[in-house]
Amino acid sequence: MDTMTLWHLTGWEFAALAFAAFLVGFSKTAVSGANTVSLAIFAAVLPARASTGILLPVLIAGDILAVLTYRRHAHWPTLWRLFPAVGAGVVVGTVFLIWANDAVVRTSIGAILLLMAGVTIWRRRRTDADGRPAGEGDGITSRAGRLQARSYGVLGGFTTMVANAGGPVMSMYLLSAGFRKLGFLGTSAFFFLIVNVSKLPFSAGLGLIDESSLLLDAALVGFVVPGAFIGKWAVNRINQRLFERLVIAATVIGGLELLLP
């Protein structure tokens with residue numbers, strides 16, 4: 001990892017990373033998916049490949065706060081069904097990172113962001129047309145439900161390993177399974193805490209996490225905490241539809257910026 005790049009940040013660049021860390025905390029306790037904006041900011045300010053390792057501990061800090069907030073609302077049968085497929089996706093993503101250089105990772109992150117924005121738009125339109133399923137976790141034990149869990153799990157594992165971008169994939173899966181707000185937040189909190197912690201040895205083995213990156217993380221984690229508290233306060237007050245539109249727009253802009261030379 002290029003430590004010179006990490007420690008020669010301008011004031012505006014550090015402010016951008018701090019705002020991204022704040023959004024991580026907010027997304028974990030209020031609107032899942034807002035951290036795709038954080039991903040775009042990290043990849044724009046830092047080398048794209050290194051940004052995935054630097055962002056990971058920040059995400060874990062947000063996951064811990066989310067688990068402490070919504071731990072009583074997790075649906076464990078859904079989690080156990082997802083984990084094997086997610087593990088396979090993480091392994092595939094690790095192999096990809098071994099092969100890919102910084103330019104390829106940057107392009108991949110941009111493409112993943114645009115894909116996830118498209119997926120989110122499609123999911124919202126389908127929800128508007130058909131309505132959400134009635135019960136939390138309904139249908140996950142059916143044959144179609146098992147196939148759906150495997151498909152989303154592999155894609156979620158790959159995207160979270162390559163770009164820490166598994167949030168929109170899992171959001172779409174949990175909503176399609178009928179999860180309401182608290183069940184959604186509790187299940188996703190445990191899911192990402194377990195998955196992100198399991199990614200630590202892979203990221204460290206790839207050289208994406210080292211002492212200098214952890215020092216930068218230590219400076220950024222302090223901004224996650226107020227984001228999480230504001231998210232907890234806002235979760236029952238926020239205009240969800242407007243905020244999702246803003247997140248989608250910012251994600252598209254971030255993805256296009258990463259894809260441009």
# chains A, B, ... in the order shown; residues from 1 in each chain; ligands from 1
>>> select_by_dssp(residues="region 53-213 of chain A", states="alpha helix (DSSP H)", output="MDAnalysis selection string")
chainID A and resid 53:70 76:99 102:130 143:163 167:176 181:205 211:213
>>> residues_around(residues="Leu174 (chain A)", least_positions_apart="3", cutoff="9 Å", atoms="only C-alpha atoms", output="compact mmCIF listing (two decimals) with all heavy atoms, in the first residue's frame")
# COMPACT_ATOMS: atom_id res chain seq x y z
N THR A 78 -32.70 -16.65 8.04
CA THR A 78 -32.27 -16.01 6.79
C THR A 78 -30.76 -15.90 6.73
O THR A 78 -30.14 -16.15 5.69
CB THR A 78 -32.91 -14.61 6.68
OG1 THR A 78 -34.33 -14.75 6.60
CG2 THR A 78 -32.41 -13.89 5.44
N GLU A 136 -42.15 -11.36 7.31
CA GLU A 136 -40.70 -11.33 7.27
C GLU A 136 -40.15 -12.73 7.06
O GLU A 136 -40.44 -13.66 7.82
CB GLU A 136 -40.15 -10.73 8.56
CG GLU A 136 -40.48 -9.27 8.73
CD GLU A 136 -39.74 -8.66 9.90
OE1 GLU A 136 -39.25 -9.40 10.74
OE2 GLU A 136 -39.65 -7.43 9.93
N GLY A 137 -39.32 -12.87 6.02
CA GLY A 137 -38.69 -14.14 5.75
C GLY A 137 -39.59 -15.15 5.08
O GLY A 137 -39.20 -16.30 4.92
N VAL A 169 -27.22 -5.17 -2.82
CA VAL A 169 -27.63 -6.54 -3.14
C VAL A 169 -28.43 -7.14 -1.99
O VAL A 169 -29.52 -7.70 -2.19
CB VAL A 169 -26.40 -7.42 -3.44
CG1 VAL A 169 -26.83 -8.85 -3.75
CG2 VAL A 169 -25.61 -6.85 -4.61
N MET A 170 -27.91 -7.01 -0.79
CA MET A 170 -28.61 -7.57 0.37
C MET A 170 -29.88 -6.80 0.68
O MET A 170 -30.87 -7.39 1.14
CB MET A 170 -27.69 -7.57 1.59
CG MET A 170 -26.56 -8.58 1.51
SD MET A 170 -27.16 -10.30 1.36
CE MET A 170 -26.85 -10.61 -0.39
N SER A 171 -29.89 -5.50 0.44
CA SER A 171 -31.11 -4.72 0.65
C SER A 171 -32.23 -5.24 -0.24
O SER A 171 -33.36 -5.43 0.21
CB SER A 171 -30.86 -3.24 0.34
OG SER A 171 -29.95 -2.68 1.26
N ALA A 177 -37.81 -10.51 0.50
CA ALA A 177 -38.23 -11.54 1.45
C ALA A 177 -39.25 -11.03 2.45
O ALA A 177 -39.67 -11.77 3.34
CB ALA A 177 -37.01 -12.08 2.19
N GLY A 178 -39.65 -9.75 2.33
CA GLY A 178 -40.73 -9.23 3.15
C GLY A 178 -40.32 -8.61 4.46
O GLY A 178 -41.17 -8.45 5.35
N PHE A 179 -39.07 -8.23 4.63
CA PHE A 179 -38.62 -7.67 5.91
C PHE A 179 -39.08 -6.23 6.06
O PHE A 179 -38.90 -5.41 5.16
CB PHE A 179 -37.10 -7.76 6.02
CG PHE A 179 -36.61 -9.13 6.38
CD1 PHE A 179 -36.37 -10.07 5.40
CD2 PHE A 179 -36.42 -9.49 7.70
CE1 PHE A 179 -35.93 -11.34 5.72
CE2 PHE A 179 -35.99 -10.76 8.04
CZ PHE A 179 -35.74 -11.69 7.04
N ARG A 180 -39.64 -5.94 7.23
CA ARG A 180 -40.01 -4.58 7.57
C ARG A 180 -38.80 -3.86 8.16
O ARG A 180 -37.74 -4.45 8.29
CB ARG A 180 -41.20 -4.58 8.52
CG ARG A 180 -42.44 -5.23 7.90
CD ARG A 180 -43.60 -5.30 8.90
NE ARG A 180 -44.78 -5.92 8.30
CZ ARG A 180 -44.99 -7.23 8.26
NH1 ARG A 180 -44.10 -8.07 8.80
NH2 ARG A 180 -46.07 -7.72 7.69
N PHE A 184 -35.39 -5.71 8.96
CA PHE A 184 -34.40 -5.43 7.91
C PHE A 184 -33.10 -4.94 8.52
O PHE A 184 -32.02 -5.46 8.22
CB PHE A 184 -34.98 -4.38 6.97
CG PHE A 184 -34.07 -3.95 5.86
CD1 PHE A 184 -34.23 -4.44 4.58
CD2 PHE A 184 -33.05 -3.03 6.09
CE1 PHE A 184 -33.40 -4.03 3.55
CE2 PHE A 184 -32.22 -2.62 5.07
CZ PHE A 184 -32.39 -3.13 3.80
N THR A 187 -31.35 -7.74 10.82
CA THR A 187 -30.77 -8.84 10.06
C THR A 187 -29.56 -8.38 9.27
O THR A 187 -28.52 -9.05 9.25
CB THR A 187 -31.83 -9.43 9.12
OG1 THR A 187 -32.97 -9.84 9.87
CG2 THR A 187 -31.28 -10.64 8.37
N SER A 188 -29.65 -7.23 8.62
CA SER A 188 -28.52 -6.73 7.85
C SER A 188 -27.35 -6.34 8.76
O SER A 188 -26.18 -6.48 8.37
CB SER A 188 -28.94 -5.53 6.98
OG SER A 188 -29.39 -4.46 7.78
>>> atom_distance(atom1="CA of Trp122 (chain A)", atom2="CA of Pro168 (chain A)")
11.5 Å
>>> residues_around(residues="Phe229 (chain A)", least_positions_apart="4", cutoff="10 Å", atoms="only C-alpha atoms", output="list of chain:residue names")
A:Gly25, A:Phe26, A:Thr29, A:Ala30, A:Leu65, A:Ala66, A:Thr69, A:Val224, A:Val225, A:Trp233, A:Ala234
>>> residues_around(residues="Leu258 (chain A)", least_positions_apart="3", cutoff="12 Å", atoms="only C-alpha atoms", output="VMD selection string")
chain A and resid 39 to 48 102 to 114 251 to 255 261
>>> closest_residue(among="A:Gly222, A:Gly167, A:Gly156, A:Gly118", to="Ala34 (chain A)", atoms="only C-alpha atoms")
A:Gly167
>>> atom_distance(atom1="CA of Gly207 (chain A)", atom2="CA of Arg49 (chain A)")
10.0 Å
>>> atom_distance(atom1="CA of Met116 (chain A)", atom2="CA of Val24 (chain A)")
16.9 Å
>>> closest_residue(among="A:Gly157, A:Gly53, A:Pro77, A:Gly62", to="Val90 (chain A)", atoms="only C-alpha atoms")
A:Gly157
